[in-house]
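> What follows is model.txt; its format and atoms are compact mmCIF, C-alpha atoms.
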# COMPACT_ATOMS: atom_id res chain seq x y z
CA MET A 247 0.00 0.00 0.00
CA PHE A 248 2.81 2.40 0.92
CA LYS A 249 4.54 1.70 -2.38
CA LYS A 250 2.37 4.20 -4.24
CA PHE A 251 3.60 6.94 -1.89
CA ILE A 252 7.24 6.25 -2.69
CA ILE A 253 8.84 8.72 -5.08
CA ASN A 254 12.44 9.50 -6.03
CA CYS A 255 14.32 12.75 -5.29
CA ASP A 256 13.65 14.22 -8.74
CA GLU A 257 9.90 13.73 -8.31
CA ALA A 258 9.99 14.93 -4.70
CA THR A 259 11.78 18.16 -5.56
CA THR A 260 9.46 18.74 -8.54
CA ILE A 261 6.47 18.52 -6.17
CA CYS A 262 8.35 20.67 -3.65
CA ASP A 263 8.74 23.36 -6.33
CA LYS A 264 5.09 23.03 -7.34
CA SER A 265 4.04 23.39 -3.70
CA GLN A 266 5.81 26.76 -3.53
CA TYR A 267 3.06 28.06 -5.85
CA LYS A 268 0.39 26.23 -3.80
CA GLU A 269 -0.46 24.09 -6.79
CA ALA A 270 0.56 20.65 -5.51
CA SER A 271 -2.37 18.28 -4.97
CA PHE A 272 -3.11 16.62 -1.63
CA SER A 273 -1.74 13.25 -2.78
CA GLU A 274 1.42 14.94 -4.09
CA LEU A 275 1.93 16.63 -0.73
CA VAL A 276 1.52 13.31 1.08
CA LYS A 277 4.16 11.75 -1.21
CA LEU A 278 6.48 14.73 -0.72
CA ASN A 279 6.20 14.73 3.07
CA TRP A 280 6.70 10.96 3.20
CA HIS A 281 9.84 11.33 1.07
CA ILE A 282 11.17 14.24 3.12
CA LEU A 283 10.86 12.19 6.33
CA THR A 284 13.35 9.70 4.97
CA CYS A 285 15.60 11.86 2.75
CA LYS A 286 17.87 14.40 4.44
CA ILE A 287 19.00 15.93 1.14
CA CYS A 288 15.47 16.68 -0.05
CA ASN A 289 14.61 17.85 3.45
CA LEU A 290 17.40 20.43 3.14
CA TYR A 291 16.30 21.28 -0.42
CA SER A 292 12.78 21.87 0.87
CA LYS A 293 13.97 24.28 3.59
CA GLN A 294 16.23 26.16 1.17
CA ASN A 295 13.46 26.22 -1.39
CA ARG A 296 11.31 28.30 0.95
CA LYS A 297 14.15 30.79 1.24
CA MET A 298 14.47 30.88 -2.55
CA THR A 299 10.73 31.55 -2.79
CA SER A 300 11.04 34.56 -0.50
CA LEU A 301 13.87 35.83 -2.71
CA PHE A 302 11.73 35.39 -5.82
CA LYS A 303 8.82 37.19 -4.15
CA MET A 304 11.09 40.12 -3.38
CA LYS A 305 12.15 40.19 -7.03
CA SER A 306 8.53 39.94 -8.14
CA LEU A 307 7.59 42.94 -6.00
CA ASP A 308 10.46 44.95 -7.47
CA CYS A 309 9.34 44.16 -11.01
CA LYS A 310 5.73 45.05 -10.34
CA ASN A 311 6.77 48.46 -9.09
CA GLN A 312 8.71 49.10 -12.28
CA THR A 313 7.04 50.24 -15.50
CA ASN A 314 8.84 49.97 -18.81
CA CYS A 315 8.17 52.57 -21.47
CA MET A 316 9.39 53.11 -25.01
CA SER A 317 11.54 56.18 -25.55
CA LYS A 318 10.09 59.18 -27.41
CA GLU A 319 12.66 58.63 -30.18
CA ASP A 320 11.62 55.02 -30.68
CA LYS A 321 7.98 56.07 -30.79
CA GLU A 322 8.69 58.73 -33.42
CA ILE A 323 10.57 56.19 -35.58
CA LEU A 324 7.67 53.77 -35.26
CA LYS A 325 5.16 56.47 -36.19
CA LYS A 326 7.10 57.27 -39.35
CA GLN A 327 7.35 53.61 -40.28
CA ILE A 328 3.62 53.14 -39.83
CA GLU A 329 2.91 56.23 -41.94
CA GLU A 330 5.14 54.84 -44.71
CA LEU A 331 3.37 51.49 -44.57
CA LYS A 332 -0.01 53.17 -44.85
CA LEU A 333 1.00 54.97 -48.07
CA MET B 113 -30.03 45.91 -28.54
CA SER B 114 -27.11 46.09 -30.94
CA GLN B 115 -23.56 46.64 -29.62
CA GLU B 116 -21.56 49.49 -31.12
CA LYS B 117 -18.89 48.17 -33.46
CA ILE B 118 -15.36 49.29 -32.64
CA THR B 119 -13.27 50.63 -35.51
CA LEU B 120 -9.50 50.85 -35.79
CA ASN B 121 -7.64 54.14 -35.60
CA ALA B 122 -4.04 53.35 -36.55
CA ASN B 123 -3.00 57.01 -36.24
CA LYS B 124 -3.35 56.77 -32.48
CA TRP B 125 -1.80 53.34 -31.98
CA ILE B 126 1.67 54.51 -30.95
CA ASP B 127 0.42 57.11 -28.47
CA ASN B 128 -2.23 54.85 -27.02
CA TYR B 129 -0.67 51.40 -26.98
CA ALA B 130 3.11 51.47 -27.60
CA ASP B 131 4.01 51.61 -23.89
CA TYR B 132 1.44 49.02 -22.90
CA LEU B 133 2.60 46.59 -25.61
CA PHE B 134 6.26 47.28 -24.87
CA ASN B 135 5.72 46.58 -21.16
CA TYR B 136 3.82 43.41 -22.05
CA ALA B 137 6.61 42.26 -24.37
CA ILE B 138 9.55 43.06 -22.13
CA THR B 139 8.13 41.07 -19.22
CA ARG B 140 8.04 38.06 -21.52
CA VAL B 141 11.31 38.35 -23.40
CA ASN B 142 13.44 40.38 -20.96
CA ASP B 143 15.26 42.13 -23.77
CA SER B 144 14.52 45.75 -24.56
CA ASP B 145 15.61 45.61 -28.23
CA LEU B 146 13.72 42.40 -28.88
CA ALA B 147 10.63 43.84 -27.15
CA LYS B 148 10.82 46.91 -29.43
CA ASP B 149 11.07 44.66 -32.50
CA LEU B 150 8.07 42.63 -31.38
CA VAL B 151 6.00 45.78 -30.81
CA GLN B 152 7.01 47.06 -34.25
CA GLU B 153 6.08 43.73 -35.88
CA THR B 154 2.77 43.81 -34.01
CA PHE B 155 1.84 47.23 -35.39
CA PHE B 156 2.89 46.21 -38.90
CA ALA B 157 0.90 42.97 -38.70
CA GLY B 158 -2.03 44.95 -37.31
CA LEU B 159 -1.97 47.31 -40.29
CA LYS B 160 -1.75 44.44 -42.76
CA SER B 161 -4.64 42.56 -41.22
CA ALA B 162 -6.74 45.60 -40.33
CA LYS B 163 -9.42 44.46 -42.79
CA ASN B 164 -9.89 41.31 -40.68
CA PHE B 165 -10.66 43.28 -37.53
CA GLN B 166 -14.28 42.55 -36.71
CA GLY B 167 -14.74 45.18 -34.03
CA LYS B 168 -15.82 42.65 -31.42
CA SER B 169 -12.92 43.42 -29.09
CA THR B 170 -11.13 46.64 -28.25
CA GLU B 171 -8.16 47.77 -30.34
CA ARG B 172 -5.82 47.06 -27.42
CA THR B 173 -7.10 43.50 -26.92
CA TRP B 174 -6.75 42.87 -30.64
CA LEU B 175 -3.19 44.22 -30.74
CA VAL B 176 -2.23 42.23 -27.63
CA SER B 177 -3.51 39.05 -29.28
CA ILE B 178 -1.21 39.76 -32.25
CA LEU B 179 1.71 40.46 -29.92
CA LYS B 180 1.03 37.20 -28.04
CA ARG B 181 1.41 35.31 -31.31
CA LYS B 182 4.67 37.13 -32.02
CA VAL B 183 6.03 36.16 -28.59
CA ILE B 184 5.01 32.53 -29.09
CA ASP B 185 6.63 32.53 -32.55
CA HIS B 186 9.81 33.93 -31.01
CA TYR B 187 9.96 31.15 -28.42
CA ARG B 188 9.18 28.49 -30.97
CA LYS B 189 12.12 29.75 -33.04
CA ILE B 190 14.38 29.58 -29.99
CA ASN B 191 13.16 26.08 -29.24
CA SER B 192 14.02 24.85 -32.68
CA LYS B 193 17.49 26.41 -32.71
CA LYS B 194 20.46 24.18 -32.06
CA GLY B 195 23.06 25.03 -29.43
CA GLN B 196 20.61 26.08 -26.75
CA ALA B 197 22.07 27.04 -23.38
CA GLU B 198 23.10 24.03 -21.38
CA VAL B 199 20.61 22.65 -18.90
CA ARG B 200 22.50 21.25 -15.94
CA MET B 201 21.25 17.86 -14.88
CA ASN B 202 20.62 17.55 -11.16
CA PHE B 203 19.43 13.94 -11.03
CA TYR B 204 20.51 10.68 -12.63
CA ASP B 205 18.23 10.08 -15.58
CA ASP B 206 18.71 6.33 -15.87
CA GLY B 207 20.24 3.29 -14.19
CA GLU B 208 19.65 2.14 -10.65
CA ASN B 209 20.14 5.69 -9.33
CA GLU B 210 17.48 7.15 -11.64
CA GLY B 211 15.83 10.15 -9.99
CA SER B 212 18.46 10.43 -7.23
CA TRP B 213 20.68 13.48 -6.72
CA ILE B 214 23.92 13.59 -8.72
CA GLU B 215 26.68 13.87 -6.08
CA GLU B 216 28.10 17.25 -7.11
CA ARG B 217 24.62 18.76 -7.39
CA VAL B 218 23.52 17.76 -3.87
CA PRO B 219 22.38 20.84 -1.90
CA GLN B 220 24.95 22.07 0.62
CA SER B 221 24.15 23.76 3.92
CA TRP B 222 24.11 27.54 3.58
CA ASN B 223 25.94 29.97 5.79
CA ASN B 224 23.74 31.46 8.53
CA GLU B 225 24.91 34.90 7.37
CA SER B 226 22.45 34.63 4.51
CA GLU B 227 19.53 35.38 6.87
CA LYS B 228 20.42 39.02 7.47
CA VAL B 229 21.22 40.06 3.92
CA ILE B 230 17.94 39.17 2.27
CA GLU B 231 17.31 42.81 1.30
CA ASN B 232 20.79 43.42 0.02
CA ARG B 233 21.10 45.11 -3.38
CA GLU B 234 24.00 42.86 -4.35
CA LEU B 235 21.86 39.86 -3.59
CA LYS B 236 19.27 41.09 -6.09
CA THR B 237 21.99 41.64 -8.67
CA GLN B 238 23.31 38.12 -8.15
CA LEU B 239 19.80 36.72 -8.51
CA ASP B 240 19.44 38.60 -11.82
CA VAL B 241 22.74 37.13 -13.02
CA CYS B 242 21.57 33.63 -12.13
CA ILE B 243 18.23 34.16 -13.91
CA ASP B 244 20.09 35.48 -16.97
CA ASN B 245 22.16 32.29 -17.04
CA LEU B 246 19.06 30.14 -17.47
CA PRO B 247 18.24 28.85 -20.95
CA GLU B 248 15.95 31.46 -22.55
CA LYS B 249 12.81 29.38 -22.57
CA TYR B 250 13.32 28.29 -18.96
CA ALA B 251 13.89 31.90 -17.95
CA MET B 252 10.70 32.95 -19.68
CA VAL B 253 8.48 30.29 -18.12
CA PHE B 254 10.09 30.82 -14.72
CA LYS B 255 9.60 34.58 -14.88
CA MET B 256 6.03 34.39 -16.13
CA LYS B 257 5.10 31.99 -13.33
CA THR B 258 7.24 33.29 -10.46
CA ILE B 259 7.95 36.95 -11.09
CA GLN B 260 4.91 38.03 -13.09
CA GLU B 261 2.68 35.52 -11.24
CA PHE B 262 0.64 34.43 -14.27
CA GLU B 263 -1.79 31.54 -13.90
CA THR B 264 -0.44 28.15 -14.99
CA GLU B 265 -3.26 27.77 -17.51
CA GLU B 266 -2.52 31.13 -19.09
CA ILE B 267 1.19 30.35 -19.55
CA CYS B 268 0.42 26.93 -21.02
CA LYS B 269 -2.04 28.48 -23.45
CA GLU B 270 0.31 31.27 -24.45
CA LEU B 271 3.35 29.08 -24.93
CA ASP B 272 1.51 26.03 -26.19
CA ILE B 273 2.93 23.70 -23.54
CA THR B 274 1.25 21.23 -21.17
CA ALA B 275 1.01 21.78 -17.42
CA SER B 276 3.42 18.90 -16.79
CA ASN B 277 5.92 20.49 -19.23
CA LEU B 278 5.57 23.71 -17.30
CA TRP B 279 6.32 22.08 -13.94
CA VAL B 280 9.33 20.25 -15.33
CA ILE B 281 10.67 23.57 -16.68
CA ILE B 282 9.95 25.35 -13.38
CA HIS B 283 11.65 22.53 -11.47
CA ARG B 284 14.76 22.60 -13.66
CA ALA B 285 14.91 26.40 -13.54
CA ARG B 286 14.57 26.48 -9.75
CA THR B 287 17.14 23.75 -9.10
CA GLN B 288 19.54 25.56 -11.43
CA LEU B 289 18.88 28.89 -9.70
CA ARG B 290 19.28 27.31 -6.25
CA LYS B 291 22.67 25.89 -7.26
CA CYS B 292 23.77 29.19 -8.84
CA MET B 293 22.82 31.16 -5.70
CA GLU B 294 24.49 28.57 -3.49
CA ASP B 295 27.77 28.77 -5.42
CA ASN B 296 27.80 32.53 -5.88
CA TRP B 297 26.06 33.89 -2.83
CA PHE B 298 25.09 31.70 0.07
CA ASN B 299 28.38 29.83 0.25
CA ASN B 300 30.61 32.42 -1.34
What is this file in structure tokens?

Amino acid sequence: MFKKFIINCDEATTICDKSQYKEASFSELVKLNWHILTCKICNLYSKQNRKMTSLFKMKSLDCKNQTNCMSKEDKEILKKQIEELKL
Amino acid sequence: MSQEKITLNANKWIDNYADYLFNYAITRVNDSDLAKDLVQETFFAGLKSAKNFQGKSTERTWLVSILKRKVIDHYRKINSKKGQAEVRMNFYDDGENEGSWIEERVPQSWNNESEKVIENRELKTQLDVCIDNLPEKYAMVFKMKTIQEFETEEICKELDITASNLWVIIHRARTQLRKCMEDNWFNN
């Protein structure tokens, strides 16, 4: 019965990554936690993964606060090109 | 009650939509010049296919849908190119160790110092360097999911990949980023 809960490190860390986005299913979480109980390396990966997620969230926040615009010069060039195309 | 049909006004496209489209493109390709090219191609394609515009959506929605196709085409081109950036394997992919950590890729303990420098500017710069070292497609999927926080379904639809493809890409990107940050920051 327990066999179906046994996964390898590649699968465990894939689920671990998925869980960082809260998109791992219940059965995946059971498999992950079962694996982590017996695998020190993936246990460490899981802890460090949470730290990586907080880093990524910080980066995400930075990006959201930043707006990218085209320069006036680029816009003028584009306007001319569009005018030429319309002719 | 009949809905008013929307008509195109190409004279106002640059003023009204250039920044919006540019911002949309740059978050997906992370390259200012490429984003400019994609916006330019979008406007040109819009002009050429203006007669097909049915007026059921707004101009902006219609232009974004063209830009989306351009972005997808760009990533399909990258996918088909040889000599893509190397993807470092973290796990044995066959044999009796299949799915287990490859020795030199095993996570190492990080220095406790890392706790207090989480807001450090240099840390952010190093993270950017590590993200830039990812293969382009991995970087794109990773950024769309993690940085831009798009829904899984939306990314899959836009890039024409399955959800399991997406999670494999995210997993590979994250393990690569973890290793890069470990080597260059946490244990440096």
> Record the distance separating CA of Asp263 (chain A) and CA of Arg286 (chain B), expressed in Å with one decimal.
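A separation of 7.4 Å between them.
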> For region 300-311 of chain A, work out the shell of residues within 8 Å, counting only C-alpha atoms and skipping chain neighbours fewer than 4 positions away, then give it as an mmCIF file with C-alpha atoms, in the frame of the given file.

data_model
loop_
_atom_site.group_PDB
_atom_site.id
_atom_site.type_symbol
_atom_site.label_atom_id
_atom_site.label_comp_id
_atom_site.auth_asym_id
_atom_site.auth_seq_id
_atom_site.Cartn_x
_atom_site.Cartn_y
_atom_site.Cartn_z
ATOM 1 C CA ARG A 296 11.310 28.300 0.950
ATOM 2 C CA ILE B 230 17.940 39.170 2.270
ATOM 3 C CA LYS B 236 19.270 41.090 -6.090
ATOM 4 C CA THR B 258 7.240 33.290 -10.460
ATOM 5 C CA ILE B 259 7.950 36.950 -11.090
ATOM 6 C CA GLN B 260 4.910 38.030 -13.090
ATOM 7 C CA GLU B 261 2.680 35.520 -11.240
#
> Using all atoms listed in the file, find all polymer residues with an atom at most 12 Å away from the point (6.9, 14.3, -10.4); report them as a ChimeraX atom specification.
/A:251-265,270-271,273-275,277-278 /B:211,275-284
> Of the candidates B:Ile126, B:Cys292, B:Ala251, B:Ala147, which shows the shortest atom-to-atom distance to chain A, using all atoms listed in the file?
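Between B:Ile126, B:Cys292, B:Ala251, B:Ala147, the residue approaching chain A most closely is B:Ile126.
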> Rank A:Cys285, A:Cys315, A:Ile328, A:Met298 by their smallest atom-to-atom distance to Trp125 (chain B), using all atoms listed in the file, and report the top residue only.
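With all atoms listed in the file as the atom set, the closest residue is A:Ile328.
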> Could you jot down the CA of Val253 (chain B) to CA of Ser144 (chain B) separation for me, Å, one decimal place?
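Atom-to-atom, CA of Val253 (chain B) and CA of Ser144 (chain B) are spaced 17.8 Å apart.
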> Which is closer to chain B than all the others in A:Gln266, A:Lys293, A:Trp280, A:Asn314, using only C-alpha atoms?
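Nearest to chain B: A:Asn314.
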